[in-house]
Amino acid sequence: MTSCSVVLEAPVRRVAIFGGTHGNELSGVFLVKHWQKNGAEIQRSGLQVTPFITNPRAVKKCTRYIDCDLNRVFDPDNLGRKVMEDIPYEVRKAQEINNLFGPKGSDVAYDLIFDLHNTTSNMGGTLILENSRNDFIIQMFHYIKVKLILNKLLHIYFYMLLKDCIPVQGLNYTDSWAKHPVGVEVGPQPQGVLRADILDKMRKIIKHGLDFIYLSFLGEEFPPCTIEVYRIIEKVDYPRNKNDEIIAIIHPCLQDQDWQPLNKGDPIFLTCDGETIAYEGDSTVYPTFVNEAAYYEKKQAFMKTVKLKLTHALSPAS
């Protein structure tokens, strides 16, 4: 098989691992705090790997955020705001993080960010890709999946979510300013709770990701590859009345069915009167973030995705 190198303008050398972007998603908090005390597990020769708690006040209170969602404020307007007493806590933290690991979009920004999250949805281990043209991340995701298969860890239920339907200017997530942003979602896990199996999945994903970065740094060549991803196409809200109150909940047939095909006529919502509301789309979609607890405030019952394949297409090294 013909192989090709992961060729970049500069090798990925500086890596940050963020935990606590949402203070009640505890797997990332637990792992990052552990690695801050004992980082041997995540260190690789020649790389700079920095574990970091992004929202310490929310972590201390075990709440998603203090004033506003830290994972939505890394936009130019917020990063450029003057620091005043009444500035939201998370905006101030975003500016601090941008100064430490950025600035966003600059040549001196960190090369790669793993932003660790938990979800209450039945999503398994999910890696989030911001850009379908990022060949380095495509190859890394493939490497992680192969390693999980070789280690007989298929029970991890490994998926890849693609967000590049979102305009570039709209990407204001915590990891969005890194040259290679990687979101890690592992669930199902309730907010404010730790589960050993969920934490272990997250830990293994990070281990294999760092191994790939290290091998790439050493100049190892990897064969061409193709990965299966789920691209977000639409966010679906709950049915609501004229007072904007939810009047139907996720149907039992959809609950916990993240990544499973949803076809026209399949039930998606159920009212207290027993009325079933069916999916009316003409094409098959794959729902995810189904009934995510944190998304009630964002008016989102689930995301619709479509399945597609991305191919690693780099030129051979000269």
# chains A, B, ... in the order shown; residues from 1 in each chain; ligands from 1
>>> closest_atom_pairs(of="stretch 34-90 of chain A", to="stretch 212-226 of chain A", cutoff="9 Å", atoms="only C-alpha atoms", output="JSON lines")
{"residue": "A:Arg44", "atom": "CA", "partner": "A:Tyr214", "partner_atom": "CA", "distance": 6.4}
{"residue": "A:Ser45", "atom": "CA", "partner": "A:Tyr214", "partner_atom": "CA", "distance": 7.7}
{"residue": "A:Gly46", "atom": "CA", "partner": "A:Tyr214", "partner_atom": "CA", "distance": 7.9}
{"residue": "A:Leu47", "atom": "CA", "partner": "A:Tyr214", "partner_atom": "CA", "distance": 7.2}
>>> residues_around(residues="A:Ile144", least_positions_apart="5", cutoff="8 Å", atoms="only C-alpha atoms", output="PyMOL selection string")
chain A and resi 205+208-209+212
>>> atom_distance(atom1="atom CA of A:Pro51", atom2="atom CA of A:Arg13")
14.3 Å
>>> closest_residue(among="A:Pro181, A:Pro88, A:Pro56, A:Pro190", to="A:Glu130", atoms="only C-alpha atoms")
A:Pro181
>>> residues_around(residues="A:Leu26", least_positions_apart="2", cutoff="12 Å", atoms="only C-alpha atoms", output="number ranges by chain")
A: 18-24, 28-33, 53, 58-64, 116-120, 185-187, 189-196, 198-199, 202
>>> residues_around(residues="A:Lys304", least_positions_apart="3", cutoff="8 Å", atoms="only C-alpha atoms", output="ChimeraX atom specification")
/A:232-236,285-288
>>> write_last_selection(atoms="N, CA and C atoms", output="PDB file, in the first residue's frame")
ATOM      1  N   ILE A 232     -23.221  17.799  10.814  1.00  0.00           N
ATOM      2  CA  ILE A 232     -24.397  18.482  11.328  1.00  0.00           C
ATOM      3  C   ILE A 232     -25.079  19.263  10.212  1.00  0.00           C
ATOM      4  N   ILE A 233     -26.401  19.072  10.094  1.00  0.00           N
ATOM      5  CA  ILE A 233     -27.150  19.830   9.082  1.00  0.00           C
ATOM      6  C   ILE A 233     -28.235  20.713   9.699  1.00  0.00           C
ATOM      7  N   GLU A 234     -28.688  20.369  10.906  1.00  0.00           N
ATOM      8  CA  GLU A 234     -29.765  21.163  11.503  1.00  0.00           C
ATOM      9  C   GLU A 234     -29.891  20.841  12.985  1.00  0.00           C
ATOM     10  N   LYS A 235     -30.269  21.866  13.764  1.00  0.00           N
ATOM     11  CA  LYS A 235     -30.587  21.683  15.171  1.00  0.00           C
ATOM     12  C   LYS A 235     -32.101  21.733  15.328  1.00  0.00           C
ATOM     13  N   VAL A 236     -32.662  20.769  16.039  1.00  0.00           N
ATOM     14  CA  VAL A 236     -34.114  20.630  16.164  1.00  0.00           C
ATOM     15  C   VAL A 236     -34.544  20.986  17.581  1.00  0.00           C
ATOM     16  N   VAL A 285     -31.743  10.681   8.299  1.00  0.00           N
ATOM     17  CA  VAL A 285     -30.758  11.455   9.047  1.00  0.00           C
ATOM     18  C   VAL A 285     -30.334  10.634  10.257  1.00  0.00           C
ATOM     19  N   TYR A 286     -29.303  11.111  10.939  1.00  0.00           N
ATOM     20  CA  TYR A 286     -28.754  10.419  12.102  1.00  0.00           C
ATOM     21  C   TYR A 286     -28.726  11.401  13.276  1.00  0.00           C
ATOM     22  N   PRO A 287     -29.651  11.271  14.225  1.00  0.00           N
ATOM     23  CA  PRO A 287     -29.709  12.227  15.325  1.00  0.00           C
ATOM     24  C   PRO A 287     -28.577  12.019  16.327  1.00  0.00           C
ATOM     25  N   THR A 288     -28.140  13.097  16.922  1.00  0.00           N
ATOM     26  CA  THR A 288     -27.152  13.016  17.991  1.00  0.00           C
ATOM     27  C   THR A 288     -27.397  14.153  18.975  1.00  0.00           C
TER      28      THR A 288
END
>>> closest_residue(among="A:Arg14, A:Met160, A:Leu127, A:Ile97", to="A:Gln43", atoms="only C-alpha atoms")
A:Arg14
>>> closest_residue(among="A:Lys93, A:Val290, A:Leu162, A:Ala16", to="A:Leu210", atoms="only C-alpha atoms")
A:Ala16
>>> select_by_dssp(residues="stretch 16-250 of chain A", states="strand (DSSP E or B)", output="ChimeraX atom specification")
/A:16-19,48-53,112-118,124-129,158-162,180-187,221-222,226-236,240,246,248-250
>>> write_last_selection(atoms="C-alpha atoms", output="short mmCIF file (atom, residue, chain, number, x, y, z; two decimals), in the first residue's frame")
data_model
loop_
_atom_site.label_atom_id
_atom_site.label_comp_id
_atom_site.auth_asym_id
_atom_site.auth_seq_id
_atom_site.Cartn_x
_atom_site.Cartn_y
_atom_site.Cartn_z
CA ALA A 16 -3.11 21.66 25.30
CA ILE A 17 -5.66 19.45 27.03
CA PHE A 18 -8.59 21.43 28.40
CA GLY A 19 -10.87 20.18 31.16
CA GLN A 48 4.93 20.28 24.98
CA VAL A 49 1.68 18.93 26.43
CA THR A 50 -0.16 21.24 28.83
CA PRO A 51 -3.20 20.13 30.87
CA PHE A 52 -5.34 23.11 31.89
CA ILE A 53 -8.56 23.76 33.84
CA LEU A 112 -3.61 21.46 18.83
CA ILE A 113 -6.25 21.55 21.56
CA PHE A 114 -8.15 18.59 23.02
CA ASP A 115 -11.22 20.10 24.71
CA LEU A 116 -12.73 17.43 26.99
CA HIS A 117 -16.50 17.25 27.47
CA ASN A 118 -19.16 14.91 28.78
CA GLY A 124 -20.31 6.94 23.15
CA GLY A 125 -16.86 8.34 22.46
CA THR A 126 -17.17 11.15 19.91
CA LEU A 127 -14.42 13.23 18.34
CA ILE A 128 -15.45 16.56 16.83
CA LEU A 129 -13.82 17.79 13.64
CA PHE A 158 -16.43 5.51 18.52
CA TYR A 159 -17.95 8.22 16.30
CA MET A 160 -16.75 11.35 14.51
CA LEU A 161 -18.86 14.50 14.26
CA LEU A 162 -18.17 17.15 11.60
CA HIS A 180 -6.03 22.04 15.03
CA PRO A 181 -9.08 22.12 17.35
CA VAL A 182 -10.43 18.78 18.58
CA GLY A 183 -13.54 18.45 20.72
CA VAL A 184 -13.95 15.24 22.71
CA GLU A 185 -17.48 14.27 23.85
CA VAL A 186 -17.96 11.11 25.88
CA GLY A 187 -21.24 9.87 27.33
CA GLU A 221 4.55 7.87 7.46
CA PHE A 222 0.92 6.73 7.45
CA THR A 226 -10.90 7.21 4.78
CA ILE A 227 -13.06 7.94 7.82
CA GLU A 228 -16.81 7.94 8.30
CA VAL A 229 -18.16 11.14 9.82
CA TYR A 230 -21.54 12.63 10.66
CA ARG A 231 -22.02 16.19 9.44
CA ILE A 232 -24.40 18.48 11.33
CA ILE A 233 -27.15 19.83 9.08
CA GLU A 234 -29.76 21.16 11.50
CA LYS A 235 -30.59 21.68 15.17
CA VAL A 236 -34.11 20.63 16.16
CA ARG A 240 -43.49 24.67 22.12
CA ILE A 246 -42.03 22.80 25.90
CA ALA A 248 -43.62 17.44 24.08
CA ILE A 249 -40.60 15.38 25.15
CA ILE A 250 -38.26 13.03 23.36
#
>>> select_by_dssp(residues="stretch 112-238 of chain A", states="helix (DSSP H, G or I)", output="VMD selection string")
chain A and resid 135 to 150 154 to 156 168 to 170 196 to 217
>>> atom_distance(atom1="atom CA of A:Asp135", atom2="atom CA of A:Asp211")
16.9 Å
>>> residues_around(residues="A:Asp67", least_positions_apart="5", cutoff="9 Å", atoms="only C-alpha atoms", output="PDB file with C-alpha atoms, in the first residue's frame")
ATOM      1  CA  PRO A  88     -18.882  38.299  32.521  1.00  0.00           C
ATOM      2  CA  TYR A  89     -16.552  35.877  34.283  1.00  0.00           C
ATOM      3  CA  GLU A  90     -16.344  33.518  31.296  1.00  0.00           C
ATOM      4  CA  VAL A  91     -15.471  36.360  28.924  1.00  0.00           C
TER       5      VAL A  91
END
